[in-house]
Amino acid sequence: MAHATGERAPAFTSEELEKLVDGVLPQYVLLYGPPDKQVSAHQKIDIWRAIAKDVRILGVHHRRGTLCQKRWEDIRRWSRKMAEAQLGMASQRGSGARRTLTPLMFRILEVAYPELDGRVRASQQTQGGEYSHILLTLRAVEVSGWGRKAVGIPRPGRVP
């Protein structure tokens with residue numbers, strides 16, 4: 001369904017995000033890898049169209065390749081920022097602010113930022129992060145939409 005100019009598209013559902021990540025991760029090197037591994041711009045457009053087609057199969061909303069690409073870049077950026085914030089907090093215990101990563105974010109970090117993923121996982125193991133990881137998984141299931149709230153990103157100036 002096309003949206004009027006200036007009208008926002010509906011938020012991605014958790015199923016759409018799972019499908020999006022499932023489609024991008026195997027193609028990550030072709031889309032974002034070193035220049036000798038990347039494909040041409042036209043081939044990248046075709047890859048994004050194929051990913052969008054897989055997302056549309058869910059039948060929730062009509063998603064275009066450009067919208068899927070933008071959403072991927074958003075959640076990839078959020079994942080990196082959340083991981084960096086979590087590592088920054090590892091040295092500031094008792095600060096009160098809690099930042100946790102969703103399982104989907106860990107999948108993204110594993111491919112897009114492997115060195116950061118390793119540091120976050122090591123940090124969680126030394127701080128007993130298994131319990132908070134379980135709580136976060138339960139929280140992600142309870143949240144219906146995948147906006148800032150669903151991925152655990154508090155609004156600026158707020159502590160969850």
# chains A, B, ... in the order shown; residues from 1 in each chain; ligands from 1
call {"tool": "closest_atom_pairs", "arguments": {"of": "segment 108-129 of chain A", "to": "segment 17-28 of chain A", "cutoff": "9 Å", "atoms": "only C-alpha atoms", "output": "tab-separated table"}}
result
residue	atom	partner	partner_atom	distance
A:Ile108	CA	A:Leu25	CA	7.5
A:Val111	CA	A:Leu25	CA	6.9
A:Ala112	CA	A:Tyr28	CA	7.7
call {"tool": "select_by_dssp", "arguments": {"residues": "segment 5-79 of chain A", "states": "helix (DSSP H, G or I)", "output": "ChimeraX atom specification"}}
result
/A:14-32,41-56,65-79
call {"tool": "write_last_selection", "arguments": {"atoms": "N, CA and C atoms", "output": "CSV table (one decimal), in the first residue's frame"}}
result
chain,number,residue,atom,x,y,z
A,14,SER,N,7.9,-7.4,14.8
A,14,SER,CA,9.1,-8.2,15.2
A,14,SER,C,9.3,-9.3,14.1
A,15,GLU,N,8.3,-9.8,13.5
A,15,GLU,CA,8.4,-10.8,12.5
A,15,GLU,C,9.1,-10.3,11.3
A,16,GLU,N,8.7,-9.0,10.9
A,16,GLU,CA,9.4,-8.4,9.7
A,16,GLU,C,10.8,-8.1,10.0
A,17,LEU,N,11.2,-7.7,11.2
A,17,LEU,CA,12.6,-7.5,11.6
A,17,LEU,C,13.4,-8.7,11.5
A,18,GLU,N,12.8,-9.8,12.0
A,18,GLU,CA,13.5,-11.1,12.0
A,18,GLU,C,13.8,-11.5,10.6
A,19,LYS,N,12.8,-11.4,9.7
A,19,LYS,CA,12.9,-11.7,8.3
A,19,LYS,C,14.0,-10.8,7.6
A,20,LEU,N,14.0,-9.5,8.0
A,20,LEU,CA,14.9,-8.6,7.4
A,20,LEU,C,16.3,-9.0,7.8
A,21,VAL,N,16.6,-9.2,9.1
A,21,VAL,CA,17.9,-9.6,9.5
A,21,VAL,C,18.3,-11.0,8.9
A,22,ASP,N,17.4,-11.9,8.8
A,22,ASP,CA,17.6,-13.2,8.2
A,22,ASP,C,18.1,-13.0,6.7
A,23,GLY,N,17.5,-12.0,6.1
A,23,GLY,CA,17.9,-11.8,4.7
A,23,GLY,C,19.2,-11.0,4.5
A,24,VAL,N,19.5,-10.1,5.4
A,24,VAL,CA,20.7,-9.3,5.3
A,24,VAL,C,21.9,-10.0,5.7
A,25,LEU,N,21.9,-10.7,6.8
A,25,LEU,CA,23.1,-11.3,7.3
A,25,LEU,C,23.9,-12.2,6.3
A,26,PRO,N,23.2,-13.1,5.6
A,26,PRO,CA,24.0,-13.9,4.6
A,26,PRO,C,24.6,-13.0,3.5
A,27,GLN,N,24.0,-11.9,3.2
A,27,GLN,CA,24.4,-11.0,2.1
A,27,GLN,C,25.3,-9.9,2.6
A,28,TYR,N,25.7,-9.8,3.9
A,28,TYR,CA,26.3,-8.7,4.5
A,28,TYR,C,27.7,-8.4,3.8
A,29,VAL,N,28.5,-9.4,3.5
A,29,VAL,CA,29.8,-9.1,2.9
A,29,VAL,C,29.6,-8.5,1.5
A,30,LEU,N,28.6,-8.9,0.7
A,30,LEU,CA,28.3,-8.4,-0.6
A,30,LEU,C,27.8,-6.9,-0.5
A,31,LEU,N,27.1,-6.6,0.5
A,31,LEU,CA,26.5,-5.2,0.7
A,31,LEU,C,27.5,-4.3,1.4
A,32,TYR,N,28.2,-4.7,2.4
A,32,TYR,CA,29.0,-3.8,3.2
A,32,TYR,C,30.5,-4.3,3.4
A,41,ALA,N,26.5,-1.4,-7.6
A,41,ALA,CA,25.3,-0.7,-7.0
A,41,ALA,C,24.0,-1.3,-7.5
A,42,HIS,N,24.0,-1.7,-8.8
A,42,HIS,CA,22.8,-2.3,-9.4
A,42,HIS,C,22.5,-3.6,-8.7
A,43,GLN,N,23.6,-4.4,-8.5
A,43,GLN,CA,23.4,-5.7,-7.8
A,43,GLN,C,22.9,-5.5,-6.4
A,44,LYS,N,23.4,-4.5,-5.7
A,44,LYS,CA,23.0,-4.2,-4.3
A,44,LYS,C,21.5,-3.9,-4.3
A,45,ILE,N,21.0,-3.1,-5.3
A,45,ILE,CA,19.6,-2.8,-5.4
A,45,ILE,C,18.8,-4.0,-5.6
A,46,ASP,N,19.3,-4.9,-6.4
A,46,ASP,CA,18.6,-6.2,-6.6
A,46,ASP,C,18.5,-7.1,-5.3
A,47,ILE,N,19.6,-7.0,-4.5
A,47,ILE,CA,19.6,-7.8,-3.3
A,47,ILE,C,18.6,-7.2,-2.3
A,48,TRP,N,18.6,-5.8,-2.2
A,48,TRP,CA,17.6,-5.2,-1.3
A,48,TRP,C,16.1,-5.5,-1.8
A,49,ARG,N,15.9,-5.5,-3.1
A,49,ARG,CA,14.6,-5.9,-3.6
A,49,ARG,C,14.2,-7.3,-3.2
A,50,ALA,N,15.1,-8.2,-3.3
A,50,ALA,CA,14.9,-9.6,-2.9
A,50,ALA,C,14.6,-9.7,-1.4
A,51,ILE,N,15.3,-9.0,-0.6
A,51,ILE,CA,15.1,-9.0,0.8
A,51,ILE,C,13.7,-8.4,1.1
A,52,ALA,N,13.3,-7.3,0.5
A,52,ALA,CA,12.0,-6.7,0.7
A,52,ALA,C,10.9,-7.6,0.2
A,53,LYS,N,11.2,-8.4,-0.8
A,53,LYS,CA,10.2,-9.4,-1.2
A,53,LYS,C,9.9,-10.4,-0.2
A,54,ASP,N,11.0,-10.9,0.5
A,54,ASP,CA,10.9,-11.9,1.6
A,54,ASP,C,10.1,-11.3,2.7
A,55,VAL,N,10.4,-10.0,3.0
A,55,VAL,CA,9.7,-9.3,4.1
A,55,VAL,C,8.2,-9.2,3.8
A,56,ARG,N,7.9,-8.9,2.5
A,56,ARG,CA,6.5,-8.7,2.1
A,56,ARG,C,5.7,-10.0,2.1
A,65,GLY,N,12.5,-2.0,-1.1
A,65,GLY,CA,13.9,-2.3,-0.8
A,65,GLY,C,14.6,-1.1,-0.1
A,66,THR,N,14.3,0.1,-0.5
A,66,THR,CA,14.9,1.3,0.1
A,66,THR,C,14.5,1.4,1.6
A,67,LEU,N,13.2,1.1,1.9
A,67,LEU,CA,12.7,1.1,3.3
A,67,LEU,C,13.4,0.1,4.1
A,68,CYS,N,13.5,-1.1,3.5
A,68,CYS,CA,14.2,-2.2,4.3
A,68,CYS,C,15.7,-1.9,4.5
A,69,GLN,N,16.3,-1.2,3.5
A,69,GLN,CA,17.7,-0.8,3.7
A,69,GLN,C,17.9,0.2,4.8
A,70,LYS,N,17.0,1.2,4.8
A,70,LYS,CA,17.0,2.2,5.9
A,70,LYS,C,16.8,1.6,7.2
A,71,ARG,N,15.8,0.7,7.3
A,71,ARG,CA,15.5,0.1,8.6
A,71,ARG,C,16.7,-0.8,9.1
A,72,TRP,N,17.3,-1.5,8.2
A,72,TRP,CA,18.5,-2.3,8.5
A,72,TRP,C,19.6,-1.3,9.1
A,73,GLU,N,19.9,-0.2,8.4
A,73,GLU,CA,20.9,0.7,8.8
A,73,GLU,C,20.6,1.3,10.2
A,74,ASP,N,19.3,1.5,10.4
A,74,ASP,CA,18.9,2.0,11.8
A,74,ASP,C,19.2,1.0,12.9
A,75,ILE,N,18.7,-0.2,12.7
A,75,ILE,CA,18.9,-1.2,13.7
A,75,ILE,C,20.4,-1.6,13.9
A,76,ARG,N,21.1,-1.6,12.8
A,76,ARG,CA,22.6,-1.8,12.9
A,76,ARG,C,23.2,-0.7,13.7
A,77,ARG,N,22.9,0.5,13.5
A,77,ARG,CA,23.4,1.6,14.2
A,77,ARG,C,23.0,1.6,15.7
A,78,TRP,N,21.7,1.3,16.0
A,78,TRP,CA,21.2,1.1,17.3
A,78,TRP,C,22.0,0.0,18.1
A,79,SER,N,22.2,-1.1,17.4
A,79,SER,CA,22.9,-2.2,18.0
A,79,SER,C,24.3,-1.8,18.4
call {"tool": "closest_residue", "arguments": {"among": "A:Ala11, A:Leu101, A:Ala83, A:Val60", "to": "Tyr113 of chain A", "atoms": "only C-alpha atoms"}}
result
A:Ala83
call {"tool": "residues_around", "arguments": {"residues": "Gly118 of chain A", "least_positions_apart": "6", "cutoff": "10 Å", "atoms": "only C-alpha atoms", "output": "VMD selection string"}}
result
chain A and resid 106 109 to 110 124
call {"tool": "closest_residue", "arguments": {"among": "A:Glu115, A:Arg63, A:Lys37, A:Thr102", "to": "Pro10 of chain A", "atoms": "only C-alpha atoms"}}
result
A:Arg63
call {"tool": "atom_distance", "arguments": {"atom1": "atom CA of Leu104 of chain A", "atom2": "atom CA of Ile57 of chain A"}}
result
20.2 Å
call {"tool": "closest_residue", "arguments": {"among": "A:Val39, A:Pro34, A:Met105, A:Glu84", "to": "Val120 of chain A", "atoms": "only C-alpha atoms"}}
result
A:Glu84
